[in-house]
Amino acid sequence: MKKFYLDKNFIPIDQIKSEWNELLIIYQSNKTLTLKFIIMTKKTITLLLIFSMIFGATSTINAQDDSDYVMWESMMLTPDNTKLKALGEAMAKHNKAYHQDGPYKAVVYNIASGPNIGKMIWQMGPLKYSDLDNRPSKGGHDEDWRDNVMPHVKEMTHGEYWKQDIELSNTSMLDPTKVTHPILLIRYFEVNDGHGYSIDHLLEQMSETVKAMDGENPWGIYENEFRQGFTIGRHLAWVGFNKNWAEFDGPLKFKKTFIKVHGEDSWRPFLEGMADSFSDSWDEIWEYNAKLSGK
């Protein structure tokens with residue numbers, strides 16, 4: 001995890017100020033210390049603090065460590081319910097013309113539960129940032145989206161880029177060429193201000209547990225690539241992939257497996273860590289819409 005709220009090596013500004021203040025007191029006890037040195041020291045402290053704040057802000061843009069990452073562009077659409085048929089026809093035509101294959105492949109989901117029920121998710125990928133420089137725009141793409149799709153949409157929100165944590169995720173059993181798990185359980189998390197330092201450990205515990213559960217359990221961890229603040233939220237999400245709704249009737253295996261993997265006394269600290277680290281979380285169920293998707 002590379003987010004500013006997940007960086008274990010990031011030194012709190014208060015700690016920097018405290019350590020420099022102690023040094024300043026020591027130097028001030030030396031009678032040979034000049035006023036010029038004090039001024040230079042204070043300037044150094046100021047520059048260091050500014051650098052720390054800039055580092056905290058710019059690191060949210062996530063300079064990539066390697067070229068193996070994958071992410072998805074997504075947006076939430078609120079359809080005009082009086083024009084659903086026209087929207088479906090226009091969306092299907094657009095996606096099949098411009099978004100069938102490769103990094104520009106588009107998938108559409110209907111949100112079936114949660115606070116955004118009735119809305120749609122339009123998603124493109126998997127891709128990398130460099131792919132966005134050559135995304136479809138010419139050959140009538142932009143005009144078709146503007147003139148034929150958007151007139152049937154009341155609102156477009158949550159234009160986001162979600163990067164998968166490949167190491168923590170458990171999605172290797174999914175076939176990238178076809179949709180075998182059309183029912184997605186999305187759980188969003190808002191990071192609690194000041195408690196992001198513990199998230200890596202919690203996600204590692206979750207990942208180890210899911211990978212140890214019996215059977216195939218496709219599950220992924222995704223992070224929102226750009227800063228959302230602590231009011232918008234939507235910082236992290238995990239996704240459970242399901243073949244059908246009936247899988248929700250199955251036995252709950254997470255807690256039992258968690259205790260088996262991490263020990264008898266691990267469950268309560270895990271719950272306390274989750275409560276401390278996240279200020280809010282909520283679920284949505286997405287249903288794959290094959291008719292409107294690119295392929």
# chains A, B, ... in the order shown; residues from 1 in each chain; ligands from 1
call {"tool": "residues_around", "arguments": {"residues": "Asp280 (chain A)", "least_positions_apart": "6", "cutoff": "12 Å", "atoms": "only C-alpha atoms", "output": "list in words"}}
result
Arg187, Tyr188, Phe189, Glu190, Val191, Asn192, Asp193, Phe230, Thr231, Ile232, Gly233, Arg234, His235, Leu236, Ala237 and Met274 of chain A
call {"tool": "residues_around", "arguments": {"residues": "Leu127 (chain A)", "least_positions_apart": "4", "cutoff": "7 Å", "atoms": "only C-alpha atoms", "output": "ChimeraX atom specification"}}
result
/A:70-72,103,131
call {"tool": "write_last_selection", "arguments": {"atoms": "C-alpha atoms", "output": "PDB file, in the first residue's frame"}}
result
ATOM      1  CA  VAL A  70      -3.515  -3.257 -12.909  1.00  0.00           C
ATOM      2  CA  MET A  71      -6.341  -0.820 -12.323  1.00  0.00           C
ATOM      3  CA  TRP A  72      -9.809  -0.006 -13.551  1.00  0.00           C
ATOM      4  CA  PRO A 103      -7.489  -2.253 -21.777  1.00  0.00           C
ATOM      5  CA  ASP A 131      -3.206   3.253 -21.737  1.00  0.00           C
TER       6      ASP A 131
END
call {"tool": "closest_residue", "arguments": {"among": "A:His195, A:Lys119, A:His94, A:His99", "to": "Glu143 (chain A)", "atoms": "only C-alpha atoms"}}
result
A:His94
call {"tool": "atom_distance", "arguments": {"atom1": "CA of Ala275 (chain A)", "atom2": "CA of Leu185 (chain A)"}}
result
20.6 Å
call {"tool": "select_by_dssp", "arguments": {"residues": "region 58-138 of chain A", "states": "alpha helix (DSSP H)", "output": "ChimeraX atom specification"}}
result
/A:58,84-98
call {"tool": "write_last_selection", "arguments": {"atoms": "C-alpha atoms", "output": "PDB file, in the first residue's frame"}}
result
ATOM      1  CA  THR A  58       1.934  13.822  -3.411  1.00  0.00           C
ATOM      2  CA  LEU A  84     -34.170   3.109 -19.609  1.00  0.00           C
ATOM      3  CA  LYS A  85     -34.811   1.348 -22.909  1.00  0.00           C
ATOM      4  CA  ALA A  86     -33.158   4.088 -24.938  1.00  0.00           C
ATOM      5  CA  LEU A  87     -30.207   4.207 -22.539  1.00  0.00           C
ATOM      6  CA  GLY A  88     -29.719   0.448 -22.762  1.00  0.00           C
ATOM      7  CA  GLU A  89     -29.744   0.484 -26.550  1.00  0.00           C
ATOM      8  CA  ALA A  90     -27.341   3.415 -26.765  1.00  0.00           C
ATOM      9  CA  MET A  91     -24.979   2.032 -24.114  1.00  0.00           C
ATOM     10  CA  ALA A  92     -24.848  -1.434 -25.688  1.00  0.00           C
ATOM     11  CA  LYS A  93     -24.155   0.012 -29.132  1.00  0.00           C
ATOM     12  CA  HIS A  94     -21.448   2.335 -27.819  1.00  0.00           C
ATOM     13  CA  ASN A  95     -19.608  -0.318 -25.809  1.00  0.00           C
ATOM     14  CA  LYS A  96     -19.717  -2.929 -28.557  1.00  0.00           C
ATOM     15  CA  ALA A  97     -18.378  -0.374 -31.046  1.00  0.00           C
ATOM     16  CA  TYR A  98     -15.561   1.134 -28.965  1.00  0.00           C
TER      17      TYR A  98
END
call {"tool": "closest_residue", "arguments": {"among": "A:Val261, A:Met76, A:Ala246, A:Met124", "to": "Ile183 (chain A)", "atoms": "only C-alpha atoms"}}
result
A:Ala246
call {"tool": "residues_around", "arguments": {"residues": "Asn81 (chain A)", "least_positions_apart": "2", "cutoff": "9 Å", "atoms": "only C-alpha atoms", "output": "JSON, numbers by chain"}}
result
{"A": [78, 79, 83, 84, 85, 152, 153, 154]}
call {"tool": "write_last_selection", "arguments": {"atoms": "C-alpha atoms", "output": "PDB file, in the first residue's frame"}}
result
ATOM      1  CA  THR A  78     -27.806   7.547 -12.521  1.00  0.00           C
ATOM      2  CA  PRO A  79     -30.170   6.630 -15.364  1.00  0.00           C
ATOM      3  CA  LYS A  83     -35.584   6.454 -20.736  1.00  0.00           C
ATOM      4  CA  LEU A  84     -34.170   3.109 -19.609  1.00  0.00           C
ATOM      5  CA  LYS A  85     -34.811   1.348 -22.909  1.00  0.00           C
ATOM      6  CA  HIS A 152     -30.496   9.387 -21.001  1.00  0.00           C
ATOM      7  CA  VAL A 153     -28.317   9.819 -17.901  1.00  0.00           C
ATOM      8  CA  LYS A 154     -29.421  12.118 -15.069  1.00  0.00           C
TER       9      LYS A 154
END
call {"tool": "closest_residue", "arguments": {"among": "A:Asn148, A:Met206, A:His181, A:Glu73", "to": "Glu287 (chain A)", "atoms": "only C-alpha atoms"}}
result
A:His181
call {"tool": "residues_around", "arguments": {"residues": "Lys163 (chain A)", "least_positions_apart": "6", "cutoff": "12 Å", "atoms": "only C-alpha atoms", "output": "ChimeraX atom specification"}}
result
/A:1-3,61-62,64,68-74,125-129,169,220-226,235-238
call {"tool": "atom_distance", "arguments": {"atom1": "CA of Leu292 (chain A)", "atom2": "CA of Gly159 (chain A)"}}
result
18.9 Å
call {"tool": "select_by_dssp", "arguments": {"residues": "region 101-274 of chain A", "states": "strand (DSSP E)", "output": "PyMOL selection string"}}
result
chain A and resi 106-111+120-127+153-164+183-191+219-224+236-242
